[in-house]
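Novice: File name entry-v1.txt; file contents compact mmCIF, C-alpha atoms and all ligand atoms; full text below.
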```txt
# COMPACT_ATOMS: atom_id res chain seq x y z
CA MET A 1 -14.75 53.36 -48.95
CA SER A 2 -17.56 51.14 -47.67
CA ASN A 3 -20.93 52.57 -46.78
CA HIS A 4 -21.91 50.59 -43.72
CA GLY A 5 -22.36 53.81 -41.81
CA THR A 6 -22.48 54.17 -38.06
CA ILE A 7 -23.71 51.73 -35.45
CA ILE A 8 -24.55 52.97 -31.99
CA ILE A 9 -24.79 50.47 -29.14
CA GLY A 10 -27.15 51.68 -26.41
CA ALA A 11 -30.34 53.63 -27.16
CA GLY A 12 -30.21 55.91 -24.11
CA GLN A 13 -29.29 59.56 -23.65
CA ALA A 14 -25.93 59.50 -25.44
CA GLY A 15 -26.98 56.99 -28.11
CA TYR A 16 -30.09 58.95 -29.07
CA GLN A 17 -28.17 62.21 -29.05
CA ALA A 18 -25.39 60.87 -31.29
CA ALA A 19 -27.90 59.50 -33.82
CA ALA A 20 -29.97 62.70 -33.92
CA GLN A 21 -26.92 64.95 -34.07
CA LEU A 22 -25.35 62.99 -36.91
CA ARG A 23 -28.37 63.86 -39.05
CA VAL A 24 -28.34 67.48 -37.84
CA LYS A 25 -24.73 67.65 -39.02
CA GLY A 26 -25.70 66.37 -42.46
CA TYR A 27 -24.37 62.82 -42.17
CA ASP A 28 -26.14 60.82 -44.89
CA ALA A 29 -24.76 57.30 -44.43
CA PRO A 30 -26.79 54.63 -42.60
CA ILE A 31 -27.28 54.99 -38.85
CA THR A 32 -28.35 52.03 -36.73
CA LEU A 33 -29.23 52.58 -33.07
CA ILE A 34 -29.39 49.33 -31.15
CA GLY A 35 -30.82 49.09 -27.64
CA ASP A 36 -31.47 46.21 -25.27
CA GLU A 37 -34.56 47.80 -23.69
CA PRO A 38 -38.06 47.47 -25.17
CA HIS A 39 -38.78 51.23 -25.08
CA ILE A 40 -37.97 53.92 -27.61
CA PRO A 41 -35.18 56.16 -26.23
CA TYR A 42 -36.34 58.06 -23.14
CA GLN A 43 -35.05 60.37 -20.43
CA GLN A 44 -34.01 58.86 -17.12
CA PRO A 45 -34.06 61.88 -14.73
CA PRO A 46 -37.87 61.87 -14.27
CA LEU A 47 -37.77 58.21 -13.22
CA SER A 48 -36.89 59.14 -9.63
CA LYS A 49 -38.89 62.37 -9.70
CA ALA A 50 -42.02 63.37 -11.66
CA TYR A 51 -42.58 59.96 -13.27
CA LEU A 52 -42.33 58.09 -9.97
CA LYS A 53 -44.69 60.66 -8.43
CA GLY A 54 -47.17 60.06 -11.23
CA GLU A 55 -46.95 63.71 -12.31
CA LEU A 56 -45.41 62.84 -15.67
CA THR A 57 -46.99 60.12 -17.76
CA GLY A 58 -45.07 57.51 -19.70
CA ASP A 59 -45.82 59.10 -23.07
CA ARG A 60 -43.79 62.16 -21.98
CA LEU A 61 -40.62 60.19 -21.24
CA PRO A 62 -39.31 59.59 -24.80
CA PHE A 63 -36.96 62.17 -26.30
CA ARG A 64 -38.86 61.96 -29.60
CA PRO A 65 -41.93 60.14 -30.90
CA GLU A 66 -41.42 56.85 -32.68
CA ASN A 67 -41.82 58.33 -36.19
CA PHE A 68 -38.79 60.58 -35.61
CA TYR A 69 -36.47 57.66 -36.30
CA ASP A 70 -38.15 56.77 -39.60
CA ASP A 71 -38.27 60.41 -40.62
CA LYS A 72 -34.54 60.79 -39.99
CA ASP A 73 -33.73 57.46 -41.58
CA ILE A 74 -32.33 56.11 -38.32
CA VAL A 75 -32.80 52.35 -37.96
CA LEU A 76 -33.90 51.75 -34.38
CA ARG A 77 -33.51 48.18 -33.17
CA LEU A 78 -34.94 47.62 -29.71
CA ASN A 79 -34.91 44.64 -27.37
CA GLU A 80 -31.73 43.48 -29.03
CA PRO A 81 -28.68 43.29 -26.76
CA VAL A 82 -25.38 43.47 -28.57
CA SER A 83 -23.39 40.44 -27.50
CA SER A 84 -19.98 41.12 -29.04
CA ILE A 85 -17.85 43.53 -31.00
CA ASP A 86 -15.20 42.43 -33.49
CA PRO A 87 -12.93 45.47 -33.97
CA ALA A 88 -10.75 43.70 -36.58
CA GLY A 89 -13.71 42.71 -38.75
CA LYS A 90 -15.59 45.94 -37.87
CA THR A 91 -18.77 44.09 -37.00
CA ILE A 92 -21.05 43.74 -34.00
CA THR A 93 -23.20 40.74 -33.20
CA THR A 94 -26.68 40.44 -31.72
CA SER A 95 -29.04 37.47 -31.45
CA LYS A 96 -30.17 38.39 -34.98
CA GLY A 97 -26.73 38.13 -36.53
CA SER A 98 -23.76 40.34 -37.36
CA VAL A 99 -23.80 43.89 -38.72
CA ALA A 100 -20.84 45.75 -40.25
CA TYR A 101 -19.89 49.33 -39.41
CA ASP A 102 -17.56 52.07 -40.54
CA HIS A 103 -17.86 53.85 -37.21
CA LEU A 104 -19.03 52.39 -33.92
CA ILE A 105 -20.23 54.35 -30.91
CA ILE A 106 -20.52 52.57 -27.57
CA ALA A 107 -23.10 54.27 -25.36
CA THR A 108 -24.01 51.44 -23.01
CA GLY A 109 -24.34 53.63 -19.91
CA GLY A 110 -24.00 52.49 -16.33
CA ALA A 111 -25.69 49.90 -14.14
CA PRO A 112 -26.73 50.20 -10.50
CA ARG A 113 -24.34 48.64 -8.03
CA ARG A 114 -25.95 45.78 -6.15
CA MET A 115 -25.33 44.07 -2.82
CA PRO A 116 -26.48 40.72 -1.46
CA VAL A 117 -29.84 40.78 0.32
CA PRO A 118 -31.44 37.95 2.31
CA ASP A 119 -33.98 35.81 0.45
CA ARG A 120 -36.87 37.13 2.53
CA LEU A 121 -36.27 40.66 1.13
CA LYS A 122 -35.43 39.76 -2.46
CA ASP A 123 -38.93 40.25 -3.87
CA ARG A 124 -39.23 43.71 -2.40
CA THR A 125 -35.72 45.00 -3.13
CA PHE A 126 -35.22 47.30 -6.11
CA THR A 127 -32.63 49.34 -7.95
CA LEU A 128 -33.52 52.28 -10.17
CA LYS A 129 -32.01 52.81 -13.58
CA THR A 130 -34.50 51.98 -16.31
CA ARG A 131 -38.12 52.73 -17.04
CA ASP A 132 -38.98 49.13 -16.17
CA ASP A 133 -37.19 49.57 -12.82
CA ALA A 134 -39.26 52.71 -12.15
CA ASP A 135 -42.49 50.94 -13.06
CA ALA A 136 -41.68 48.04 -10.74
CA LEU A 137 -40.68 50.36 -7.89
CA GLY A 138 -43.74 52.57 -8.42
CA GLN A 139 -46.06 49.59 -8.35
CA ALA A 140 -44.50 48.23 -5.16
CA LEU A 141 -44.71 51.65 -3.50
CA GLU A 142 -48.40 51.97 -4.27
CA ASN A 143 -49.29 49.29 -1.74
CA ALA A 144 -46.42 49.96 0.66
CA LYS A 145 -46.45 51.85 3.91
CA SER A 146 -42.69 52.01 4.34
CA ILE A 147 -39.52 52.14 2.29
CA ALA A 148 -35.91 51.68 3.39
CA ILE A 149 -33.33 53.30 1.16
CA VAL A 150 -29.73 52.16 1.27
CA GLY A 151 -27.39 55.01 0.36
CA ALA A 152 -27.91 58.78 0.57
CA GLY A 153 -26.76 59.65 -2.93
CA PHE A 154 -28.81 61.60 -5.46
CA ILE A 155 -31.09 58.79 -6.62
CA GLY A 156 -31.75 57.50 -3.10
CA LEU A 157 -32.57 60.98 -1.85
CA GLU A 158 -34.80 61.82 -4.80
CA VAL A 159 -36.79 58.66 -4.16
CA ALA A 160 -36.82 59.47 -0.42
CA ALA A 161 -38.37 62.87 -1.22
CA THR A 162 -40.91 61.36 -3.61
CA ALA A 163 -41.93 58.65 -1.15
CA ALA A 164 -42.11 61.04 1.82
CA GLN A 165 -44.36 63.34 -0.18
CA ALA A 166 -46.58 60.36 -0.93
CA GLY A 167 -46.98 59.79 2.81
CA LYS A 168 -44.72 56.75 3.14
CA THR A 169 -42.53 56.07 6.15
CA VAL A 170 -39.03 56.61 4.78
CA THR A 171 -35.75 55.48 6.35
CA VAL A 172 -32.41 56.22 4.69
CA PHE A 173 -29.26 54.34 5.74
CA GLU A 174 -25.95 56.05 5.02
CA MET A 175 -22.52 54.85 6.13
CA GLN A 176 -21.02 58.35 5.93
CA ASP A 177 -21.66 61.05 8.52
CA ARG A 178 -23.66 63.18 6.09
CA ILE A 179 -25.82 62.77 3.00
CA LEU A 180 -24.20 63.29 -0.44
CA ALA A 181 -20.82 63.04 1.29
CA ARG A 182 -18.94 62.00 -1.83
CA VAL A 183 -20.47 64.54 -4.19
CA ALA A 184 -21.50 67.75 -2.45
CA SER A 185 -20.02 70.12 0.11
CA PRO A 186 -21.00 70.00 3.79
CA ALA A 187 -23.24 73.10 3.71
CA ILE A 188 -25.28 71.58 0.88
CA SER A 189 -25.60 68.30 2.78
CA ALA A 190 -26.68 70.15 5.92
CA ALA A 191 -29.36 72.20 4.15
CA LEU A 192 -30.80 69.20 2.32
CA GLN A 193 -30.62 67.03 5.44
CA GLU A 194 -32.76 69.62 7.22
CA ARG A 195 -35.30 69.53 4.40
CA HIS A 196 -35.53 65.71 4.53
CA LEU A 197 -35.93 65.79 8.32
CA THR A 198 -38.73 68.34 7.99
CA ALA A 199 -40.47 65.97 5.59
CA GLY A 200 -40.26 63.25 8.24
CA VAL A 201 -37.51 61.15 6.65
CA ASP A 202 -35.59 59.08 9.20
CA LEU A 203 -31.96 59.70 8.21
CA ARG A 204 -29.67 57.09 9.75
CA LEU A 205 -26.19 58.51 9.27
CA ASN A 206 -23.03 56.59 10.16
CA GLU A 207 -25.17 53.48 9.89
CA GLY A 208 -24.96 50.59 7.50
CA VAL A 209 -28.17 48.69 6.89
CA ASP A 210 -28.67 45.51 8.88
CA PHE A 211 -30.80 43.45 6.53
CA ASP A 212 -31.47 40.79 9.16
CA ALA A 213 -33.23 43.31 11.38
CA LEU A 214 -34.76 45.38 8.60
CA GLU A 215 -38.53 45.72 8.50
CA ALA A 216 -39.71 47.61 5.44
CA ASP A 217 -42.29 46.96 2.74
CA VAL A 218 -39.93 48.14 0.01
CA VAL A 219 -36.14 48.38 -0.11
CA LEU A 220 -34.23 50.52 -2.61
CA LEU A 221 -30.52 50.07 -3.17
CA GLY A 222 -29.08 53.46 -4.10
CA ILE A 223 -25.41 52.70 -3.71
CA GLY A 224 -24.00 54.12 -6.92
CA GLY A 225 -23.34 52.81 -10.37
CA VAL A 226 -20.75 50.91 -12.37
CA PRO A 227 -19.91 51.37 -16.05
CA VAL A 228 -21.37 48.88 -18.53
CA ASP A 229 -18.10 48.10 -20.25
CA ALA A 230 -18.05 44.30 -20.49
CA LEU A 231 -18.55 44.38 -24.28
CA ALA A 232 -15.67 46.79 -24.67
CA GLN A 233 -13.47 44.72 -22.40
CA SER A 234 -14.18 41.53 -24.34
CA ALA A 235 -13.37 43.37 -27.56
CA GLY A 236 -9.94 44.23 -26.16
CA LEU A 237 -10.59 47.96 -25.80
CA THR A 238 -8.73 49.65 -22.97
CA CYS A 239 -10.96 49.93 -19.89
CA ASP A 240 -10.11 51.20 -16.44
CA GLY A 241 -13.24 51.87 -14.41
CA GLY A 242 -14.99 52.78 -17.68
CA ILE A 243 -14.10 52.65 -21.36
CA VAL A 244 -10.98 54.77 -21.69
CA VAL A 245 -11.29 57.46 -24.36
CA ASP A 246 -9.10 60.37 -25.42
CA ALA A 247 -10.17 64.01 -25.55
CA PHE A 248 -12.04 63.25 -28.80
CA MET A 249 -13.96 60.31 -27.28
CA ARG A 250 -11.91 57.80 -29.27
CA THR A 251 -11.33 54.45 -27.62
CA SER A 252 -8.12 52.49 -28.11
CA ASP A 253 -9.56 51.42 -31.49
CA PRO A 254 -9.56 54.28 -34.03
CA HIS A 255 -13.00 53.36 -35.42
CA ILE A 256 -14.74 53.06 -32.08
CA PHE A 257 -15.93 55.94 -29.91
CA ALA A 258 -17.55 55.82 -26.48
CA ALA A 259 -19.76 58.39 -24.74
CA GLY A 260 -21.79 58.95 -21.59
CA ASP A 261 -21.86 57.00 -18.34
CA CYS A 262 -19.72 54.17 -19.75
CA ALA A 263 -16.81 56.39 -20.85
CA LYS A 264 -13.84 57.64 -18.86
CA SER A 265 -12.49 60.76 -20.48
CA PRO A 266 -10.08 63.60 -19.92
CA THR A 267 -11.57 67.01 -19.08
CA PRO A 268 -9.93 70.36 -18.40
CA PHE A 269 -11.96 70.39 -15.17
CA TRP A 270 -10.10 67.49 -13.51
CA SER A 271 -6.47 66.45 -13.23
CA SER A 272 -7.08 62.89 -14.45
CA PRO A 273 -9.71 61.19 -16.65
CA VAL A 274 -13.15 60.92 -15.08
CA ARG A 275 -16.33 58.98 -15.64
CA LEU A 276 -19.31 61.26 -15.15
CA GLU A 277 -22.95 60.28 -14.84
CA SER A 278 -24.98 63.23 -16.06
CA VAL A 279 -27.27 64.24 -18.87
CA GLN A 280 -24.95 67.10 -19.85
CA ASN A 281 -21.95 64.81 -20.15
CA ALA A 282 -23.83 62.27 -22.29
CA ILE A 283 -25.15 64.98 -24.63
CA ASP A 284 -21.92 66.93 -25.05
CA GLN A 285 -19.80 63.83 -25.61
CA ALA A 286 -22.28 62.48 -28.16
CA ASN A 287 -22.27 65.83 -29.96
CA LEU A 288 -18.49 65.83 -30.20
CA ILE A 289 -18.49 62.33 -31.69
CA ALA A 290 -21.23 63.21 -34.20
CA GLU A 291 -19.28 66.27 -35.28
CA GLN A 292 -16.22 64.17 -36.05
CA ILE A 293 -18.04 61.37 -37.88
CA ALA A 294 -20.17 63.77 -39.92
CA ASN A 295 -17.53 66.30 -40.71
CA THR A 296 -14.32 64.86 -42.04
CA THR A 297 -12.94 68.19 -43.29
CA THR A 298 -12.51 70.39 -40.20
CA ALA A 299 -10.78 69.29 -37.03
CA ALA A 300 -12.97 69.03 -33.91
CA GLN A 301 -11.91 70.71 -30.67
CA PRO A 302 -10.95 68.41 -27.80
CA TYR A 303 -13.68 67.84 -25.22
CA HIS A 304 -13.90 70.90 -23.00
CA ALA A 305 -17.58 71.17 -22.01
CA VAL A 306 -18.26 72.56 -18.53
CA PRO A 307 -19.64 69.67 -16.45
CA TRP A 308 -23.01 70.41 -14.87
CA PHE A 309 -25.62 68.47 -13.03
CA TRP A 310 -28.91 68.93 -11.20
CA SER A 311 -31.04 67.06 -8.68
CA ASP A 312 -34.61 67.81 -7.58
CA GLN A 313 -35.70 66.94 -4.04
CA TYR A 314 -39.05 68.34 -2.87
CA GLU A 315 -39.24 71.91 -4.20
CA VAL A 316 -35.45 72.27 -3.99
CA LYS A 317 -33.16 72.24 -7.00
CA TYR A 318 -29.49 71.43 -6.42
CA GLN A 319 -27.19 72.46 -9.26
CA LEU A 320 -23.49 71.97 -9.74
CA ALA A 321 -21.34 73.67 -12.37
CA GLY A 322 -17.74 72.43 -12.70
CA LEU A 323 -16.25 69.64 -10.61
CA ILE A 324 -15.27 69.96 -6.95
CA PRO A 325 -11.68 68.93 -6.35
CA GLU A 326 -10.40 68.33 -2.85
CA ALA A 327 -8.71 71.14 -0.96
CA THR A 328 -10.49 74.01 -2.58
CA MET A 329 -11.16 77.27 -0.89
CA MET A 330 -14.90 77.56 -0.29
CA VAL A 331 -16.92 80.75 -0.08
CA GLN A 332 -20.53 80.49 1.05
CA ALA A 333 -23.35 82.91 0.31
CA GLY A 334 -26.87 82.51 1.66
CA GLN A 335 -28.35 79.84 3.86
CA GLY A 336 -30.85 77.02 3.66
CA THR A 337 -32.43 75.59 0.56
CA ASP A 338 -33.46 78.84 -1.08
CA GLY A 339 -30.59 80.77 -2.64
CA LEU A 340 -27.56 79.05 -1.09
CA ALA A 341 -24.39 79.22 -3.20
CA ILE A 342 -21.03 77.58 -2.50
CA TYR A 343 -18.15 78.83 -4.63
CA HIS A 344 -15.06 76.65 -4.95
CA PHE A 345 -11.72 78.25 -5.80
CA ARG A 346 -8.39 76.59 -6.50
CA ASP A 347 -5.29 78.69 -6.98
CA GLN A 348 -7.46 81.81 -6.84
CA ALA A 349 -9.63 80.62 -9.73
CA LEU A 350 -13.26 79.54 -9.63
CA VAL A 351 -13.47 75.80 -10.40
CA ALA A 352 -17.01 74.93 -9.30
CA CYS A 353 -20.23 76.39 -7.96
CA GLU A 354 -22.97 74.53 -6.11
CA THR A 355 -26.36 76.10 -5.56
CA LEU A 356 -29.69 75.33 -3.94
CA GLY A 357 -32.58 77.22 -5.46
CA ASN A 358 -30.32 79.70 -7.23
CA GLY A 359 -30.55 79.14 -10.95
CA ALA A 360 -29.12 82.56 -11.78
CA GLU A 361 -25.81 81.85 -10.04
CA HIS A 362 -25.67 78.40 -11.59
CA MET A 363 -26.09 79.76 -15.11
CA SER A 364 -23.53 82.51 -14.51
CA ALA A 365 -21.06 79.94 -13.16
CA ARG A 366 -21.47 77.81 -16.27
CA ARG A 367 -20.91 80.77 -18.56
CA LEU A 368 -17.90 82.01 -16.64
CA LEU A 369 -16.31 78.55 -16.39
CA ASP A 370 -16.85 78.19 -20.12
CA GLN A 371 -14.64 81.22 -20.68
CA GLY A 372 -11.78 79.07 -19.39
CA ASN A 373 -8.85 81.43 -19.76
CA ALA A 374 -10.57 84.32 -17.94
CA PRO A 375 -10.86 82.82 -14.46
CA VAL A 376 -12.92 84.38 -11.69
CA SER A 377 -11.01 85.12 -8.46
CA PRO A 378 -12.40 85.50 -4.94
CA ALA A 379 -11.68 89.23 -5.32
CA ASP A 380 -13.90 89.39 -8.44
CA LEU A 381 -16.69 87.70 -6.49
CA GLN A 382 -16.27 90.08 -3.59
CA GLU A 383 -16.27 93.12 -5.86
CA HIS A 384 -19.46 92.18 -7.70
CA GLY A 385 -21.26 90.26 -4.93
CA THR A 386 -22.44 87.42 -7.16
CA LEU A 387 -21.23 85.52 -10.23
CA LYS A 388 -24.16 87.09 -12.02
CA GLY A 389 -22.59 90.46 -11.25
CA VAL A 390 -19.18 89.26 -12.45
CA PHE A 391 -20.72 87.92 -15.65
CA LYS A 392 -22.55 91.18 -16.35
CA SER A 393 -19.37 93.19 -15.79
CA ARG A 394 -17.59 91.13 -18.44
CA ARG A 395 -20.19 91.34 -21.17
C1 LIG B 1 -33.29 57.63 -11.87
C2 LIG B 1 -32.25 58.50 -12.50
C3 LIG B 1 -32.28 59.89 -12.27
C4 LIG B 1 -31.31 60.70 -12.86
N1 LIG B 1 -31.37 62.05 -12.62
C5 LIG B 1 -30.46 62.86 -13.20
C6 LIG B 1 -30.52 64.27 -13.01
O1 LIG B 1 -31.37 64.78 -12.29
N2 LIG B 1 -29.58 65.04 -13.62
C7 LIG B 1 -28.61 64.50 -14.43
O2 LIG B 1 -27.79 65.24 -15.00
N3 LIG B 1 -28.53 63.16 -14.62
C8 LIG B 1 -29.43 62.34 -14.03
N4 LIG B 1 -29.35 60.99 -14.23
C9 LIG B 1 -28.23 60.43 -15.00
C10 LIG B 1 -28.47 60.47 -16.49
O3 LIG B 1 -29.76 60.04 -16.80
C11 LIG B 1 -27.41 59.56 -17.14
O4 LIG B 1 -26.15 60.09 -16.84
C12 LIG B 1 -27.59 59.46 -18.63
O5 LIG B 1 -28.81 58.82 -18.96
C13 LIG B 1 -26.43 58.68 -19.25
O6 LIG B 1 -26.66 58.47 -20.61
P1 LIG B 1 -26.00 57.21 -21.34
O7 LIG B 1 -26.48 57.24 -22.75
O8 LIG B 1 -24.56 57.19 -21.07
O9 LIG B 1 -26.62 55.95 -20.61
P2 LIG B 1 -28.13 55.46 -20.57
O10 LIG B 1 -29.03 56.62 -20.77
O11 LIG B 1 -28.24 54.64 -19.36
O12 LIG B 1 -28.28 54.54 -21.86
C14 LIG B 1 -27.55 53.36 -22.03
C15 LIG B 1 -28.43 52.37 -22.76
O13 LIG B 1 -27.61 51.31 -23.28
C16 LIG B 1 -28.30 50.09 -23.10
N5 LIG B 1 -27.35 48.97 -23.21
C17 LIG B 1 -26.43 48.57 -22.31
N6 LIG B 1 -25.77 47.49 -22.79
C18 LIG B 1 -26.28 47.21 -24.02
C19 LIG B 1 -26.02 46.21 -25.01
N7 LIG B 1 -25.08 45.26 -24.82
N8 LIG B 1 -26.73 46.22 -26.14
C20 LIG B 1 -27.69 47.18 -26.36
N9 LIG B 1 -27.98 48.14 -25.46
C21 LIG B 1 -27.29 48.16 -24.30
C22 LIG B 1 -28.90 50.28 -21.71
O14 LIG B 1 -29.90 49.34 -21.41
C23 LIG B 1 -29.44 51.70 -21.84
O15 LIG B 1 -30.70 51.69 -22.45
C24 LIG B 1 -30.31 60.13 -13.67
C25 LIG B 1 -30.28 58.74 -13.89
C26 LIG B 1 -31.24 57.94 -13.30
C27 LIG B 1 -31.20 56.44 -13.54
```
Before we go any further, please render this structure as structure tokens.
Ligand SMILES: Cc1cc2nc3c(=O)[nH]c(=O)nc-3n(C[C@H](O)[C@H](O)[C@H](O)COP(=O)(O)OP(=O)(O)OC[C@H]3O[C@@H](n4cnc5c(N)ncnc54)[C@H](O)[C@@H]3O)c2cc1C
Specialist:
Amino acid sequence: MSNHGTIIIGAGQAGYQAAAQLRVKGYDAPITLIGDEPHIPYQQPPLSKAYLKGELTGDRLPFRPENFYDDKDIVLRLNEPVSSIDPAGKTITTSKGSVAYDHLIIATGGAPRRMPVPDRLKDRTFTLKTRDDADALGQALENAKSIAIVGAGFIGLEVAATAAQAGKTVTVFEMQDRILARVASPAISAALQERHLTAGVDLRLNEGVDFDALEADVVLLGIGGVPVDALAQSAGLTCDGGIVVDAFMRTSDPHIFAAGDCAKSPTPFWSSPVRLESVQNAIDQANLIAEQIANTTTAAQPYHAVPWFWSDQYEVKYQLAGLIPEATMMVQAGQGTDGLAIYHFRDQALVACETLGNGAEHMSARRLLDQGNAPVSPADLQEHGTLKGVFKSRR
């Protein structure tokens, strides 16, 4: 058996997590974490929130200080895009040459979707994914009076909130008839819409942006993301709107795993494989991979983590536990942005819970969904009033 160890492509959330967790699990072969960005691995969520506001400084973004990697004997290679993978030879190639692996983890994340903009707007049009993107956007905003945001998804709305709080004139263009139309239920959209309107944001619903008539100092494209799977595709790995993996995060090559935003995986919470973009998903998938690589004696459980997600806009925290399929039965409790909860049931079983400013219900939903084979029915919710009550009754 060779001792090339594990190579991880992509030094973001999932890549960092896999490397760190391999050592936690006692893996003692070489680990090489290769990233194309110049920064040591850092968290992305603050980029549209506290970091963009200037409330969190750059030194607080990294998951760990630089010496962590030396201490854990993890070779961190930054600024070094991987240009190809050779699954037959079990090597990857960068501008510095080829490196052999026993196990390969692809954690290349996602990239912001782009759209053509006229030349006159090019210099002031941004997307937001990396720390460098956030620095460029932040710098442009400093001297700007106005920002136009294309797309009312989470990132666009978080930036809208940040910019409105900084006193900018904010206009959001959204083709759908409500914000967060693809990802949240109507009551959540309505409550958050109200909050943005109160902050003075000009929400243009049912309206695509007309770049020719657009007057704004800064433009942000917040129109979703695409998986970074070109490397995997060129290597002949099966891809279909993301790198296709099985319930153990294995790609179509037995020595190559994929995790995080780039991976499309089965989950007990959806009827077909999904590609999720969340911190939780990146961490849990990376942990499952590390467990398998580090521990060759016991069999890992298939991926079953409860999906969860959060977004911060103003003082409001949106949280989702589970995934919201179509045609669920919805039960609403509370109103507005403080304490609202939307419970989603399918076939009399709780499948998801969305909350605004209600961390207790969110945590209870996660715990109850994690129990899997002991579903919560609408009658359980009615009997105990809240999921917190249901959870307590089952302890
Ligand atoms: C602004 C912003 C706010 C967010 N807010 C939230 C939030 O509130 N809650 C939440 O749950 N999630 C949030 N997310 C999503 C979350 O951060 C991502 O889902 C998570 O980072 C995905 O981890 P990943 O490792 O799959 O990808 P990433 O963290 O994106 O890491 C992938 C890395 O791989 C690198 N890479 C790509 N190709 C190559 C190559 N060929 N060679 C070497 N390196 C390569 C990329 O440059 C990148 O550094 C947010 C994301 C952004 C951008």
Novice: Using only C-alpha atoms, which of the listed residues (A:Trp308, A:Phe68, A:Phe63, A:Phe345) sits closest to A:Asp380?
Specialist: A:Phe345
Novice: Tell me which of A:Val159, A:Val331, A:Val150, A:Ile92 sits closest to A:Ala216, counting only C-alpha atoms.
Specialist: A:Val150
Novice: Under the rule that all atoms listed in the file are counted, which of A:Ser234, A:Gln139, A:Thr267, A:Gln301 is the nearest residue to ligand LIG 1 (chain B)?
Specialist: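 Counting all atoms listed in the file, the residue closest to ligand LIG 1 (chain B) is A:Ser234.
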Novice: Neighbours of ligand LIG 1 (chain B) at 6 Å or closer, counting only C-alpha atoms and all ligand atoms: which residues, as a ChimeraX atom specification?
Specialist: /A:9-15,34-37,44-45,47-48,81-83,107-110,128-129,155,260-262,277-280,282,309-311
Novice: Restricting it to C-alpha atoms, dump the selection as a short mmCIF file (atom, residue, chain, number, x, y, z; two decimals), in the frame of the given file.
Specialist:
```
data_model
loop_
_atom_site.label_atom_id
_atom_site.label_comp_id
_atom_site.auth_asym_id
_atom_site.auth_seq_id
_atom_site.Cartn_x
_atom_site.Cartn_y
_atom_site.Cartn_z
CA ILE A 9 -24.79 50.47 -29.14
CA GLY A 10 -27.15 51.68 -26.41
CA ALA A 11 -30.34 53.63 -27.16
CA GLY A 12 -30.21 55.91 -24.11
CA GLN A 13 -29.29 59.56 -23.65
CA ALA A 14 -25.93 59.50 -25.44
CA GLY A 15 -26.98 56.99 -28.11
CA ILE A 34 -29.39 49.33 -31.15
CA GLY A 35 -30.82 49.09 -27.64
CA ASP A 36 -31.47 46.21 -25.27
CA GLU A 37 -34.56 47.80 -23.69
CA GLN A 44 -34.01 58.86 -17.12
CA PRO A 45 -34.06 61.88 -14.73
CA LEU A 47 -37.77 58.21 -13.22
CA SER A 48 -36.89 59.14 -9.63
CA PRO A 81 -28.68 43.29 -26.76
CA VAL A 82 -25.38 43.47 -28.57
CA SER A 83 -23.39 40.44 -27.50
CA ALA A 107 -23.10 54.27 -25.36
CA THR A 108 -24.01 51.44 -23.01
CA GLY A 109 -24.34 53.63 -19.91
CA GLY A 110 -24.00 52.49 -16.33
CA LEU A 128 -33.52 52.28 -10.17
CA LYS A 129 -32.01 52.81 -13.58
CA ILE A 155 -31.09 58.79 -6.62
CA GLY A 260 -21.79 58.95 -21.59
CA ASP A 261 -21.86 57.00 -18.34
CA CYS A 262 -19.72 54.17 -19.75
CA GLU A 277 -22.95 60.28 -14.84
CA SER A 278 -24.98 63.23 -16.06
CA VAL A 279 -27.27 64.24 -18.87
CA GLN A 280 -24.95 67.10 -19.85
CA ALA A 282 -23.83 62.27 -22.29
CA PHE A 309 -25.62 68.47 -13.03
CA TRP A 310 -28.91 68.93 -11.20
CA SER A 311 -31.04 67.06 -8.68
#
```
Novice: Please work out which residues fall within 9 Å of (-35.9, 73.4, -3.1), coordinates as given in the file, with only C-alpha atoms counting, and return them as a compact mmCIF listing (two decimals) with C-alpha atoms, in the coordinates of the input.
Specialist:
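What follows is the written file out_30.txt:
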```
# COMPACT_ATOMS: atom_id res chain seq x y z
CA LEU A 192 -30.80 69.20 2.32
CA ARG A 195 -35.30 69.53 4.40
CA ASP A 312 -34.61 67.81 -7.58
CA GLN A 313 -35.70 66.94 -4.04
CA TYR A 314 -39.05 68.34 -2.87
CA GLU A 315 -39.24 71.91 -4.20
CA VAL A 316 -35.45 72.27 -3.99
CA LYS A 317 -33.16 72.24 -7.00
CA TYR A 318 -29.49 71.43 -6.42
CA THR A 337 -32.43 75.59 0.56
CA ASP A 338 -33.46 78.84 -1.08
CA LEU A 356 -29.69 75.33 -3.94
CA GLY A 357 -32.58 77.22 -5.46
```
Novice: Mind checking which residues fall within 12 Å of A:Gln348, counting all atoms listed in the file, ignoring those fewer than 4 positions away in the same chain, and posting them as a list of chain:residue names?
Specialist: A:Thr328, A:Met329, A:Met330, A:Val331, A:Tyr343, A:His344, A:Ala374, A:Pro375, A:Val376, A:Ser377, A:Pro378, A:Ala379, A:Asp380, A:Leu381
